[in-house]
Structure formats: C-alpha cells, structure tokens
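Trainee: If it helps, the file is called target.cif and holds mmCIF, C-alpha atoms:
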data_coords
loop_
_atom_site.group_PDB
_atom_site.id
_atom_site.type_symbol
_atom_site.label_atom_id
_atom_site.label_comp_id
_atom_site.auth_asym_id
_atom_site.auth_seq_id
_atom_site.Cartn_x
_atom_site.Cartn_y
_atom_site.Cartn_z
ATOM 1 C CA MET K 701 0.000 0.000 0.000
ATOM 2 C CA ASP K 702 1.248 3.493 -0.855
ATOM 3 C CA GLU K 703 2.230 5.600 2.101
ATOM 4 C CA LEU K 704 -0.330 8.279 2.932
ATOM 5 C CA PRO K 705 0.694 11.916 2.544
ATOM 6 C CA PRO K 706 1.064 13.607 5.923
ATOM 7 C CA ALA K 707 -1.775 15.547 7.493
ATOM 8 C CA PRO K 708 -1.373 19.327 7.439
ATOM 9 C CA ALA K 709 0.867 20.577 10.246
ATOM 10 C CA VAL K 710 -1.665 22.561 12.258
ATOM 11 C CA ALA K 711 -0.802 21.677 15.860
ATOM 12 C CA GLY K 712 -0.380 24.852 17.862
ATOM 13 C CA THR K 713 -2.781 26.933 15.763
ATOM 14 C CA SER K 714 -4.378 29.461 18.099
ATOM 15 C CA LEU K 715 -8.114 29.321 18.678
ATOM 16 C CA ASP K 716 -8.134 32.284 21.057
ATOM 17 C CA GLY K 717 -11.388 34.138 20.641
ATOM 18 C CA THR K 718 -12.250 37.822 20.603
ATOM 19 C CA LYS K 719 -16.019 37.394 21.088
ATOM 20 C CA ILE K 720 -17.655 37.728 24.478
ATOM 21 C CA PHE K 721 -20.264 35.045 25.190
ATOM 22 C CA THR K 722 -23.022 35.883 27.665
ATOM 23 C CA ILE K 723 -25.439 33.215 28.901
ATOM 24 C CA SER K 724 -28.814 34.928 28.944
ATOM 25 C CA VAL K 725 -31.630 33.964 31.295
ATOM 26 C CA GLU K 726 -33.995 33.551 28.364
ATOM 27 C CA GLU K 727 -31.719 31.382 26.234
ATOM 28 C CA ASN K 728 -30.693 29.189 29.155
ATOM 29 C CA ALA K 729 -34.360 28.586 29.980
ATOM 30 C CA ALA K 730 -35.196 27.775 26.362
ATOM 31 C CA LEU K 731 -32.207 25.455 26.088
ATOM 32 C CA CYS K 732 -33.050 23.616 29.308
ATOM 33 C CA ARG K 733 -36.668 23.128 28.248
ATOM 34 C CA SER K 734 -35.601 21.909 24.797
ATOM 35 C CA THR K 735 -33.798 19.061 26.559
ATOM 36 C CA GLY K 736 -36.716 18.243 28.875
ATOM 37 C CA VAL K 737 -35.719 19.966 32.123
ATOM 38 C CA GLU K 738 -36.460 23.237 33.881
ATOM 39 C CA PRO K 739 -33.638 25.753 34.420
ATOM 40 C CA ALA K 740 -31.837 25.606 37.761
ATOM 41 C CA THR K 741 -33.059 27.988 40.439
ATOM 42 C CA ASP K 742 -29.593 28.728 41.858
ATOM 43 C CA GLY K 743 -28.408 30.853 38.938
ATOM 44 C CA SER K 744 -26.276 28.164 37.363
ATOM 45 C CA ALA K 745 -26.550 27.604 33.626
ATOM 46 C CA HIS K 746 -27.017 24.235 31.979
ATOM 47 C CA PRO K 747 -23.541 22.627 31.976
ATOM 48 C CA ILE K 748 -23.785 21.918 28.233
ATOM 49 C CA TYR K 749 -22.864 25.589 27.840
ATOM 50 C CA TYR K 750 -19.304 24.334 28.241
ATOM 51 C CA TYR K 751 -19.575 23.185 24.646
ATOM 52 C CA ILE K 752 -21.796 25.951 23.268
ATOM 53 C CA ALA K 753 -19.899 28.889 24.762
ATOM 54 C CA THR K 754 -16.470 27.620 23.763
ATOM 55 C CA GLN K 755 -17.583 26.621 20.283
ATOM 56 C CA VAL K 756 -19.401 29.892 19.548
ATOM 57 C CA ALA K 757 -16.747 32.221 21.011
ATOM 58 C CA MET K 758 -13.550 30.479 19.879
ATOM 59 C CA GLY K 759 -11.353 32.282 17.389
ATOM 60 C CA LYS K 760 -12.512 30.326 14.338
ATOM 61 C CA THR K 761 -15.822 28.955 13.146
ATOM 62 C CA VAL K 762 -16.156 25.207 12.662
ATOM 63 C CA ALA K 763 -15.786 25.842 8.932
ATOM 64 C CA GLY K 764 -12.705 27.936 9.669
ATOM 65 C CA VAL K 765 -11.133 25.196 11.778
ATOM 66 C CA CYS K 766 -11.816 22.737 8.959
ATOM 67 C CA GLU K 767 -10.281 25.134 6.448
ATOM 68 C CA THR K 768 -7.161 25.379 8.610
ATOM 69 C CA CYS K 769 -6.995 21.583 8.370
ATOM 70 C CA GLU K 770 -7.418 21.840 4.563
ATOM 71 C CA PHE K 771 -10.797 20.107 4.891
ATOM 72 C CA ASP K 772 -14.073 21.218 3.303
ATOM 73 C CA VAL K 773 -16.741 21.453 6.004
ATOM 74 C CA ASP K 774 -19.282 20.249 3.413
ATOM 75 C CA ASP K 775 -17.488 16.883 3.390
ATOM 76 C CA GLY K 776 -19.001 16.205 6.815
ATOM 77 C CA PRO K 777 -16.785 16.466 9.888
ATOM 78 C CA MET K 778 -17.980 14.095 12.636
ATOM 79 C CA MET K 779 -17.741 14.520 16.391
ATOM 80 C CA GLY K 780 -15.629 11.761 17.891
ATOM 81 C CA SER K 781 -15.566 12.706 21.544
ATOM 82 C CA SER K 782 -15.837 15.637 23.902
ATOM 83 C CA GLY K 783 -14.401 15.997 27.376
ATOM 84 C CA VAL K 784 -14.651 18.768 29.945
ATOM 85 C CA ARG K 785 -13.169 19.617 33.339
ATOM 86 C CA PHE K 786 -14.976 22.303 35.343
ATOM 87 C CA THR K 787 -13.436 24.262 38.214
ATOM 88 C CA LYS K 788 -16.619 26.308 38.714
ATOM 89 C CA PRO K 789 -20.177 26.129 37.393
ATOM 90 C CA LEU K 790 -21.225 28.428 34.563
ATOM 91 C CA MET K 791 -23.659 31.113 35.646
ATOM 92 C CA VAL K 792 -26.579 32.756 33.899
ATOM 93 C CA GLY K 793 -25.950 36.443 33.227
ATOM 94 C CA GLU K 794 -22.178 36.038 33.272
ATOM 95 C CA SER K 795 -19.942 36.805 30.289
ATOM 96 C CA TYR K 796 -17.049 34.665 29.131
ATOM 97 C CA LYS K 797 -14.232 34.562 26.601
ATOM 98 C CA VAL K 798 -12.258 31.685 25.082
ATOM 99 C CA SER K 799 -8.644 30.698 24.684
ATOM 100 C CA GLY K 800 -7.422 27.577 22.986
ATOM 101 C CA GLU K 801 -5.403 25.825 20.366
ATOM 102 C CA ILE K 802 -5.308 22.854 18.028
ATOM 103 C CA LEU K 803 -3.462 20.021 19.759
ATOM 104 C CA SER K 804 -3.035 17.591 16.885
ATOM 105 C CA LEU K 805 -4.176 16.429 13.469
ATOM 106 C CA VAL K 806 -3.342 12.773 12.885
ATOM 107 C CA ARG K 807 -3.942 10.922 9.618
ATOM 108 C CA LYS K 808 -5.209 7.368 9.953
ATOM 109 C CA GLN K 809 -6.520 4.545 7.814
ATOM 110 C CA SER K 810 -9.849 3.187 9.045
ATOM 111 C CA ARG K 811 -11.568 0.049 7.765
ATOM 112 C CA LYS K 812 -14.948 1.702 8.199
ATOM 113 C CA LEU K 813 -14.208 5.274 7.108
ATOM 114 C CA GLY K 814 -11.163 4.924 4.873
ATOM 115 C CA VAL K 815 -8.543 7.639 5.232
ATOM 116 C CA MET K 816 -9.375 10.172 7.907
ATOM 117 C CA ASP K 817 -7.735 12.895 9.906
ATOM 118 C CA VAL K 818 -8.374 12.957 13.644
ATOM 119 C CA LEU K 819 -8.441 16.533 14.908
ATOM 120 C CA THR K 820 -8.026 17.314 18.605
ATOM 121 C CA TYR K 821 -8.397 20.849 19.915
ATOM 122 C CA ARG K 822 -8.504 22.342 23.401
ATOM 123 C CA LEU K 823 -10.567 25.318 24.502
ATOM 124 C CA ARG K 824 -10.733 27.130 27.839
ATOM 125 C CA LEU K 825 -13.504 29.405 29.076
ATOM 126 C CA HIS K 826 -12.491 32.436 31.135
ATOM 127 C CA PRO K 827 -14.441 35.258 32.767
ATOM 128 C CA ALA K 828 -14.740 38.059 30.212
ATOM 129 C CA ALA K 829 -12.963 40.372 32.634
ATOM 130 C CA GLY K 830 -10.001 37.987 32.715
ATOM 131 C CA GLY K 831 -8.693 35.422 35.135
ATOM 132 C CA GLU K 832 -8.349 31.698 35.507
ATOM 133 C CA ALA K 833 -10.345 29.386 33.282
ATOM 134 C CA LEU K 834 -13.591 27.987 34.664
ATOM 135 C CA LEU K 835 -13.321 24.992 32.406
ATOM 136 C CA GLU K 836 -11.146 23.252 29.870
ATOM 137 C CA THR K 837 -12.563 21.104 27.091
ATOM 138 C CA ASP K 838 -10.939 18.788 24.551
ATOM 139 C CA ASN K 839 -12.927 17.985 21.435
ATOM 140 C CA VAL K 840 -12.043 15.311 18.908
ATOM 141 C CA TRP K 841 -13.410 15.468 15.375
ATOM 142 C CA VAL K 842 -13.050 12.939 12.583
ATOM 143 C CA LEU K 843 -12.438 14.435 9.132
ATOM 144 C CA PRO K 844 -13.037 11.776 6.449
ATOM 145 C CA ARG K 845 -10.589 12.300 3.559
ATOM 146 C CA LYS K 846 -12.636 11.112 0.620
ATOM 147 C CA GLU K 847 -10.062 12.480 -1.825
ATOM 148 C CA LEU K 848 -7.472 10.057 -0.422
ATOM 149 C CA ALA K 849 -9.699 6.986 -0.722
ATOM 150 C CA ALA K 850 -8.097 4.150 -2.627
ATOM 151 C CA MET Y 383 -28.542 10.347 50.822
ATOM 152 C CA SER Y 384 -25.696 7.844 50.575
ATOM 153 C CA TYR Y 385 -24.210 6.413 47.409
ATOM 154 C CA SER Y 386 -22.240 3.248 46.717
ATOM 155 C CA ALA Y 387 -20.316 1.783 43.819
ATOM 156 C CA GLY Y 388 -22.682 -0.311 41.758
ATOM 157 C CA ASP Y 389 -25.722 1.895 42.358
ATOM 158 C CA ALA Y 390 -27.766 2.416 39.214
ATOM 159 C CA LEU Y 391 -28.622 6.016 38.315
ATOM 160 C CA THR Y 392 -32.254 6.803 37.586
ATOM 161 C CA PRO Y 393 -32.682 6.874 33.790
ATOM 162 C CA PHE Y 394 -33.672 9.998 31.863
ATOM 163 C CA VAL Y 395 -36.039 9.330 28.962
ATOM 164 C CA VAL Y 396 -36.675 11.366 25.827
ATOM 165 C CA ASP Y 397 -39.895 10.047 24.314
ATOM 166 C CA SER Y 398 -39.268 11.411 20.828
ATOM 167 C CA VAL Y 399 -36.370 13.553 19.599
ATOM 168 C CA SER Y 400 -37.832 16.819 18.369
ATOM 169 C CA PRO Y 401 -36.875 18.542 15.115
ATOM 170 C CA ASP Y 402 -38.090 21.787 16.708
ATOM 171 C CA ALA Y 403 -35.342 21.433 19.310
ATOM 172 C CA MET Y 404 -32.807 20.898 16.518
ATOM 173 C CA ARG Y 405 -33.921 24.192 14.978
ATOM 174 C CA ASP Y 406 -33.494 25.940 18.349
ATOM 175 C CA TRP Y 407 -30.044 24.403 18.811
ATOM 176 C CA SER Y 408 -28.889 25.544 15.397
ATOM 177 C CA VAL Y 409 -29.342 29.041 16.867
ATOM 178 C CA PHE Y 410 -27.760 28.215 20.249
ATOM 179 C CA LEU Y 411 -24.738 26.707 18.477
ATOM 180 C CA ALA Y 412 -24.663 29.348 15.721
ATOM 181 C CA ASP Y 413 -24.425 26.369 13.373
ATOM 182 C CA PRO Y 414 -26.961 26.223 10.543
ATOM 183 C CA ASN Y 415 -25.746 22.846 9.234
ATOM 184 C CA PRO Y 416 -28.736 21.678 7.144
ATOM 185 C CA ILE Y 417 -28.427 18.015 8.179
ATOM 186 C CA HIS Y 418 -30.139 19.160 11.399
ATOM 187 C CA LEU Y 419 -32.820 21.155 9.587
ATOM 188 C CA ASP Y 420 -33.665 19.771 6.167
ATOM 189 C CA VAL Y 421 -34.616 16.162 5.424
ATOM 190 C CA ASP Y 422 -33.870 16.645 1.724
ATOM 191 C CA VAL Y 423 -30.251 17.545 2.530
ATOM 192 C CA VAL Y 424 -29.898 14.473 4.749
ATOM 193 C CA LYS Y 425 -31.172 12.307 1.886
ATOM 194 C CA ALA Y 426 -28.942 14.017 -0.666
ATOM 195 C CA LYS Y 427 -25.884 13.320 1.502
ATOM 196 C CA GLY Y 428 -26.848 9.666 1.842
ATOM 197 C CA LEU Y 429 -27.203 9.979 5.613
ATOM 198 C CA GLY Y 430 -30.713 8.544 5.903
ATOM 199 C CA ASP Y 431 -34.170 10.040 5.665
ATOM 200 C CA LYS Y 432 -34.519 11.866 8.998
ATOM 201 C CA ARG Y 433 -32.937 14.990 10.462
ATOM 202 C CA ILE Y 434 -29.891 14.275 12.630
ATOM 203 C CA ASN Y 435 -29.757 15.540 16.202
ATOM 204 C CA GLN Y 436 -26.821 17.805 17.073
ATOM 205 C CA GLY Y 437 -24.260 15.855 19.109
ATOM 206 C CA PRO Y 438 -24.171 18.300 22.047
ATOM 207 C CA ILE Y 439 -27.924 17.839 22.637
ATOM 208 C CA ASN Y 440 -27.224 14.179 23.263
ATOM 209 C CA VAL Y 441 -24.571 15.175 25.802
ATOM 210 C CA ALA Y 442 -27.120 17.477 27.447
ATOM 211 C CA TYR Y 443 -29.559 14.561 27.855
ATOM 212 C CA MET Y 444 -26.856 12.582 29.671
ATOM 213 C CA MET Y 445 -26.028 15.594 31.853
ATOM 214 C CA ASN Y 446 -29.730 15.840 32.717
ATOM 215 C CA MET Y 447 -29.700 12.203 33.775
ATOM 216 C CA LEU Y 448 -26.628 12.644 35.987
ATOM 217 C CA LEU Y 449 -27.895 15.802 37.702
ATOM 218 C CA ALA Y 450 -31.410 14.451 38.257
ATOM 219 C CA ALA Y 451 -30.144 11.113 39.566
ATOM 220 C CA VAL Y 452 -27.861 12.816 42.118
ATOM 221 C CA PRO Y 453 -29.829 15.837 43.347
ATOM 222 C CA GLY Y 454 -27.715 18.799 44.426
ATOM 223 C CA SER Y 455 -24.604 17.558 42.637
ATOM 224 C CA ARG Y 456 -22.534 19.327 39.999
ATOM 225 C CA ILE Y 457 -20.455 17.889 37.192
ATOM 226 C CA GLU Y 458 -16.722 18.226 37.749
ATOM 227 C CA ALA Y 459 -15.618 16.236 34.702
ATOM 228 C CA MET Y 460 -17.268 14.418 31.832
ATOM 229 C CA ASP Y 461 -15.996 12.537 28.787
ATOM 230 C CA SER Y 462 -18.393 11.451 26.036
ATOM 231 C CA ARG Y 463 -17.802 9.317 22.973
ATOM 232 C CA PHE Y 464 -20.055 9.687 19.949
ATOM 233 C CA LEU Y 465 -20.759 6.242 18.527
ATOM 234 C CA ASP Y 466 -23.708 6.802 16.180
ATOM 235 C CA ASN Y 467 -26.256 9.398 15.123
ATOM 236 C CA VAL Y 468 -29.538 10.209 16.845
ATOM 237 C CA TYR Y 469 -32.423 11.015 14.492
ATOM 238 C CA GLU Y 470 -35.699 12.891 14.823
ATOM 239 C CA GLY Y 471 -38.365 10.705 16.398
ATOM 240 C CA ASP Y 472 -35.875 8.457 18.194
ATOM 241 C CA HIS Y 473 -36.865 7.264 21.687
ATOM 242 C CA LEU Y 474 -33.850 7.725 23.971
ATOM 243 C CA THR Y 475 -32.850 6.486 27.389
ATOM 244 C CA ALA Y 476 -29.863 7.929 29.240
ATOM 245 C CA SER Y 477 -28.717 5.688 32.068
ATOM 246 C CA GLY Y 478 -25.702 5.111 34.239
ATOM 247 C CA THR Y 479 -24.013 3.446 37.172
ATOM 248 C CA ILE Y 480 -21.837 4.721 40.014
ATOM 249 C CA THR Y 481 -18.437 3.069 39.697
ATOM 250 C CA ALA Y 482 -16.625 4.633 42.671
ATOM 251 C CA VAL Y 483 -17.203 6.885 45.661
ATOM 252 C CA ASP Y 484 -14.327 8.954 47.049
ATOM 253 C CA GLY Y 485 -15.335 11.458 49.725
ATOM 254 C CA ASN Y 486 -17.695 13.902 48.033
ATOM 255 C CA ARG Y 487 -16.857 12.651 44.523
ATOM 256 C CA LEU Y 488 -18.856 10.073 42.596
ATOM 257 C CA THR Y 489 -17.410 8.505 39.475
ATOM 258 C CA CYS Y 490 -20.003 7.229 37.029
ATOM 259 C CA GLU Y 491 -20.319 5.428 33.732
ATOM 260 C CA PHE Y 492 -23.188 6.456 31.490
ATOM 261 C CA LYS Y 493 -24.662 5.752 28.096
ATOM 262 C CA LEU Y 494 -27.386 6.908 25.765
ATOM 263 C CA ASP Y 495 -29.464 4.230 24.045
ATOM 264 C CA VAL Y 496 -31.849 4.518 21.112
ATOM 265 C CA ALA Y 497 -34.819 2.135 21.245
ATOM 266 C CA GLY Y 498 -34.206 -0.614 18.724
ATOM 267 C CA ARG Y 499 -30.694 0.506 17.745
ATOM 268 C CA GLY Y 500 -28.598 0.322 20.897
ATOM 269 C CA THR Y 501 -25.972 2.617 22.398
ATOM 270 C CA VAL Y 502 -25.141 5.799 20.492
ATOM 271 C CA ASN Y 503 -23.104 7.647 23.135
ATOM 272 C CA SER Y 504 -21.209 6.585 26.235
ATOM 273 C CA GLY Y 505 -18.688 7.891 28.691
ATOM 274 C CA THR Y 506 -17.635 8.647 32.226
ATOM 275 C CA ALA Y 507 -18.237 11.510 34.621
ATOM 276 C CA THR Y 508 -17.209 12.741 38.042
ATOM 277 C CA LEU Y 509 -19.836 14.440 40.176
ATOM 278 C CA ILE Y 510 -19.280 16.582 43.254
ATOM 279 C CA ILE Y 511 -21.982 15.942 45.849
#
Go through the file and emit its structure as structure tokens.
Mentor:
Amino acid sequence: MDELPPAPAVAGTSLDGTKIFTISVEENAALCRSTGVEPATDGSAHPIYYYIATQVAMGKTVAGVCETCEFDVDDGPMMGSSGVRFTKPLMVGESYKVSGEILSLVRKQSRKLGVMDVLTYRLRLHPAAGGEALLETDNVWVLPRKELAA
Amino acid sequence: MSYSAGDALTPFVVDSVSPDAMRDWSVFLADPNPIHLDVDVVKAKGLGDKRINQGPINVAYMMNMLLAAVPGSRIEAMDSRFLDNVYEGDHLTASGTITAVDGNRLTCEFKLDVAGRGTVNSGTATLII
C-alpha cells in the first residue's frame, strides 16, 4: 500500500477568541426546556454551555477550523468525543471569553471510514474580565478524507 | 442520601427527539448545518431520511440524567464518545451506574441508548456531591 501523505501541520494553531459570550436567562431557559428539564433555580446555567460557549466564542468557526486543516466542512466532519473539566459552574448572566489551540491532526486509515484525519483541539472558558479558566474542554473530530480513498 | 459503587442512576427518557429542538439548537450553536434542519439535505448526503440531532444535545440529555439522579450535585468532569447518530423521532434512554465513591466525589459510567438501535453515546463523569 502506498504511504499516505502527511496531514497538514496545524498543531499549535491558536483558537483564542475575541467574542464575548453571555449566557442569557432567556436562552438558558429555552435550552433547558428543549432538553426536557427546567432551568436551575440557583443561577447556574445548563452545563452543556461548556460546549456551546467555547464553540461559539472560539477564534474560528467550525468551517474555519476545517479550512485550517485543509478540509471542506461540506465533506461532513464528525464529532468523535468531547471531554470537559470544570473548576466552577457556569452562571446565567455572566460573560465569558475563550482561549485555545489545536493540539493535533493525525492521519489514519480506518476500515470503516477509509482515510481520515483525527483533529483534537482544546478550549478554555475564562471570565470576560479575565482570570483563571472555569473549564477546559478537549474535542475530537473525525475528518473523512474522501479524496485520499483508494 | 448515601451512594455506593454499583448503584444504578435513575434513567432519563426522551420520548421522541424533536426537530423543533434541533432548529433551536442551530441558533444556540450558531451552526446552521442543514443536516439538522432539512430532510432533503440528509437524503442528498446519503445519511438517511430523517434529520440528525446535534451531538451536544445528546450530551445534554446525559447531563440531565446525571444531575437528576444525584440531586444537588454538579459535574466536575465528563468525557463522552459519539458512537452513532440520533435522528428525529428516536426514543432515547440515558442511564448510568456509580463506579466509585471517594469522599464527596462520585465517578459514574453512562450511556445513551436509542430504542431498537442500541448505544449511540457513552462515557464517564465525576460528580461533586
């Protein structure tokens, strides 16, 4: 079998954001109810905002991250896994900003998917005013490389 | 309330995955990917004949299960693996088991099952009680 060309060298690419993400009372309530629960009464936001806030306020869109990886978002990136470590709960009415970076892009041959690149990136959510991160999340995406199929 | 390794967590059930929720989440996520919104696009891409739920909603269902099963707790850590898609109309059950208790920390395994298709998401979490 021919050796695969290497994946683009994107490790270290900054995903620091400039947007400020605020969790509104109204959106948190709508989000909670869309998943079948009522919003918390202690001011905490639904913890899934770890994903939403970091994804929306990171320095690139999903399409932009894919473009950095020389991958067309229309080719269908797939979520592989998502992990999070909280040091504090997210609160309704609070504003946050994101820092982060691409950790790796690894090319693999899969029996099921053919050639694919496995993208891992790390994002941190900080108070908008600055300070230590409230959470850190690692997301893994699978980018199927149809153009490299045998 | 006391907890022990081996305790089952009370399941969280979604009777039928709603395409209306997918539309709402396309706004929450600022992601208008049409596979969550338009059946014709799903068909054209060869991904089936139903709209596909956004992955983070499935994580939210499992978070709901964890937080409802252990009242007053908060999630300290959570790792989820996406194994298969969830489609509109799917009947879901999020369930889990406590695997260890260490002071005020509970470690749990969890999964999300689709009726008739099996597990589509699984992982581990640590709760602070």
Trainee: With all atoms listed in the file as the counted atoms, please give the residues lying no more than 6 Å from Cys490 in chain Y, apart from itself and same-chain residues fewer than 5 positions off, as a PDB file with C-alpha atoms, keeping the file's coordinate frame.
Mentor:
ATOM      1  CA  THR Y 479     -24.013   3.446  37.172  1.00  0.00           C
ATOM      2  CA  ILE Y 480     -21.837   4.721  40.014  1.00  0.00           C
ATOM      3  CA  THR Y 481     -18.437   3.069  39.697  1.00  0.00           C
ATOM      4  CA  THR Y 506     -17.635   8.647  32.226  1.00  0.00           C
ATOM      5  CA  ALA Y 507     -18.237  11.510  34.621  1.00  0.00           C
TER       6      ALA Y 507
END
Trainee: Please provide the set of residues having any atom within 12 Å of Met404 in chain Y, restricted to all atoms listed in the file, with same-chain residues fewer than 2 positions apart removed, written as a PDB file with C-alpha atoms, in the coordinates of the input.
Mentor:
ATOM      1  CA  LEU K 731     -32.207  25.455  26.088  1.00  0.00           C
ATOM      2  CA  SER K 734     -35.601  21.909  24.797  1.00  0.00           C
ATOM      3  CA  THR K 735     -33.798  19.061  26.559  1.00  0.00           C
TER       4      THR K 735
ATOM      5  CA  VAL Y 399     -36.370  13.553  19.599  1.00  0.00           C
ATOM      6  CA  SER Y 400     -37.832  16.819  18.369  1.00  0.00           C
ATOM      7  CA  PRO Y 401     -36.875  18.542  15.115  1.00  0.00           C
ATOM      8  CA  ASP Y 402     -38.090  21.787  16.708  1.00  0.00           C
ATOM      9  CA  ASP Y 406     -33.494  25.940  18.349  1.00  0.00           C
ATOM     10  CA  TRP Y 407     -30.044  24.403  18.811  1.00  0.00           C
ATOM     11  CA  SER Y 408     -28.889  25.544  15.397  1.00  0.00           C
ATOM     12  CA  VAL Y 409     -29.342  29.041  16.867  1.00  0.00           C
ATOM     13  CA  PHE Y 410     -27.760  28.215  20.249  1.00  0.00           C
ATOM     14  CA  LEU Y 411     -24.738  26.707  18.477  1.00  0.00           C
ATOM     15  CA  ALA Y 412     -24.663  29.348  15.721  1.00  0.00           C
ATOM     16  CA  ASP Y 413     -24.425  26.369  13.373  1.00  0.00           C
ATOM     17  CA  PRO Y 414     -26.961  26.223  10.543  1.00  0.00           C
ATOM     18  CA  ASN Y 415     -25.746  22.846   9.234  1.00  0.00           C
ATOM     19  CA  PRO Y 416     -28.736  21.678   7.144  1.00  0.00           C
ATOM     20  CA  ILE Y 417     -28.427  18.015   8.179  1.00  0.00           C
ATOM     21  CA  HIS Y 418     -30.139  19.160  11.399  1.00  0.00           C
ATOM     22  CA  LEU Y 419     -32.820  21.155   9.587  1.00  0.00           C
ATOM     23  CA  ASP Y 420     -33.665  19.771   6.167  1.00  0.00           C
ATOM     24  CA  LYS Y 432     -34.519  11.866   8.998  1.00  0.00           C
ATOM     25  CA  ARG Y 433     -32.937  14.990  10.462  1.00  0.00           C
ATOM     26  CA  ILE Y 434     -29.891  14.275  12.630  1.00  0.00           C
ATOM     27  CA  ASN Y 435     -29.757  15.540  16.202  1.00  0.00           C
ATOM     28  CA  GLN Y 436     -26.821  17.805  17.073  1.00  0.00           C
ATOM     29  CA  GLY Y 437     -24.260  15.855  19.109  1.00  0.00           C
ATOM     30  CA  PRO Y 438     -24.171  18.300  22.047  1.00  0.00           C
ATOM     31  CA  ILE Y 439     -27.924  17.839  22.637  1.00  0.00           C
ATOM     32  CA  ASN Y 440     -27.224  14.179  23.263  1.00  0.00           C
ATOM     33  CA  VAL Y 468     -29.538  10.209  16.845  1.00  0.00           C
ATOM     34  CA  TYR Y 469     -32.423  11.015  14.492  1.00  0.00           C
ATOM     35  CA  GLU Y 470     -35.699  12.891  14.823  1.00  0.00           C
ATOM     36  CA  GLY Y 471     -38.365  10.705  16.398  1.00  0.00           C
TER      37      GLY Y 471
END
Trainee: Counting only C-alpha atoms, what is within 9 Å of range 788-792 of chain K, bar same-chain residues fewer than 3 positions away, as a list in words?
Mentor: Thr722, Ile723, Ser724, Val725, Asn728, Asp742, Gly743, Ser744, Ala745, His746, Pro747, Tyr749, Tyr750, Ser795, Ala833, Leu834 and Leu835 of chain K; Arg456, Ile457 and Glu458 of chain Y
Trainee: Counting all atoms listed in the file, what is within 7 Å of range 796-801 of chain K, bar same-chain residues fewer than 2 positions away, as a VMD selection string?
Mentor: chain K and resid 712 to 717 719 to 722 754 757 to 758 794 803 821 to 828
Trainee: Please enumerate the residues selected by the PyMOL selection byres ((chain Y) within 7 of (chain K)) when evaluated against the supplied file, formatted as a list of chain:residue names.
Mentor: Y:Ala403, Y:Leu411, Y:Ala412, Y:Ala442, Y:Tyr443, Y:Glu458, Y:Ala459, Y:Met460, Y:Asp461, Y:Ser462, Y:Arg463, Y:Phe464
Trainee: Mind writing the picked residues with C-alpha atoms as a PDB file, in the coordinates of the input?
Mentor:
ATOM      1  CA  ALA Y 403     -35.342  21.433  19.310  1.00  0.00           C
ATOM      2  CA  LEU Y 411     -24.738  26.707  18.477  1.00  0.00           C
ATOM      3  CA  ALA Y 412     -24.663  29.348  15.721  1.00  0.00           C
ATOM      4  CA  ALA Y 442     -27.120  17.477  27.447  1.00  0.00           C
ATOM      5  CA  TYR Y 443     -29.559  14.561  27.855  1.00  0.00           C
ATOM      6  CA  GLU Y 458     -16.722  18.226  37.749  1.00  0.00           C
ATOM      7  CA  ALA Y 459     -15.618  16.236  34.702  1.00  0.00           C
ATOM      8  CA  MET Y 460     -17.268  14.418  31.832  1.00  0.00           C
ATOM      9  CA  ASP Y 461     -15.996  12.537  28.787  1.00  0.00           C
ATOM     10  CA  SER Y 462     -18.393  11.451  26.036  1.00  0.00           C
ATOM     11  CA  ARG Y 463     -17.802   9.317  22.973  1.00  0.00           C
ATOM     12  CA  PHE Y 464     -20.055   9.687  19.949  1.00  0.00           C
TER      13      PHE Y 464
END
Trainee: Nearest to Ala450 in chain Y: which of K:Glu767, K:Asp772, K:Glu738, K:Asp817 is it, counting only C-alpha atoms?
Mentor: K:Glu738
Trainee: So how far away is CA of Leu819 in chain K from CA of Leu494 in chain Y, in Å?
Mentor: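 So the two atoms, CA of Leu494 in chain Y and CA of Leu819 in chain K, lie 23.9 Å apart.
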Trainee: Which residue, K:Lys760, K:Val765, K:Pro739, K:Ala849, has the smallest gap to Ser810 in chain K when you use only C-alpha atoms?
Mentor: K:Ala849
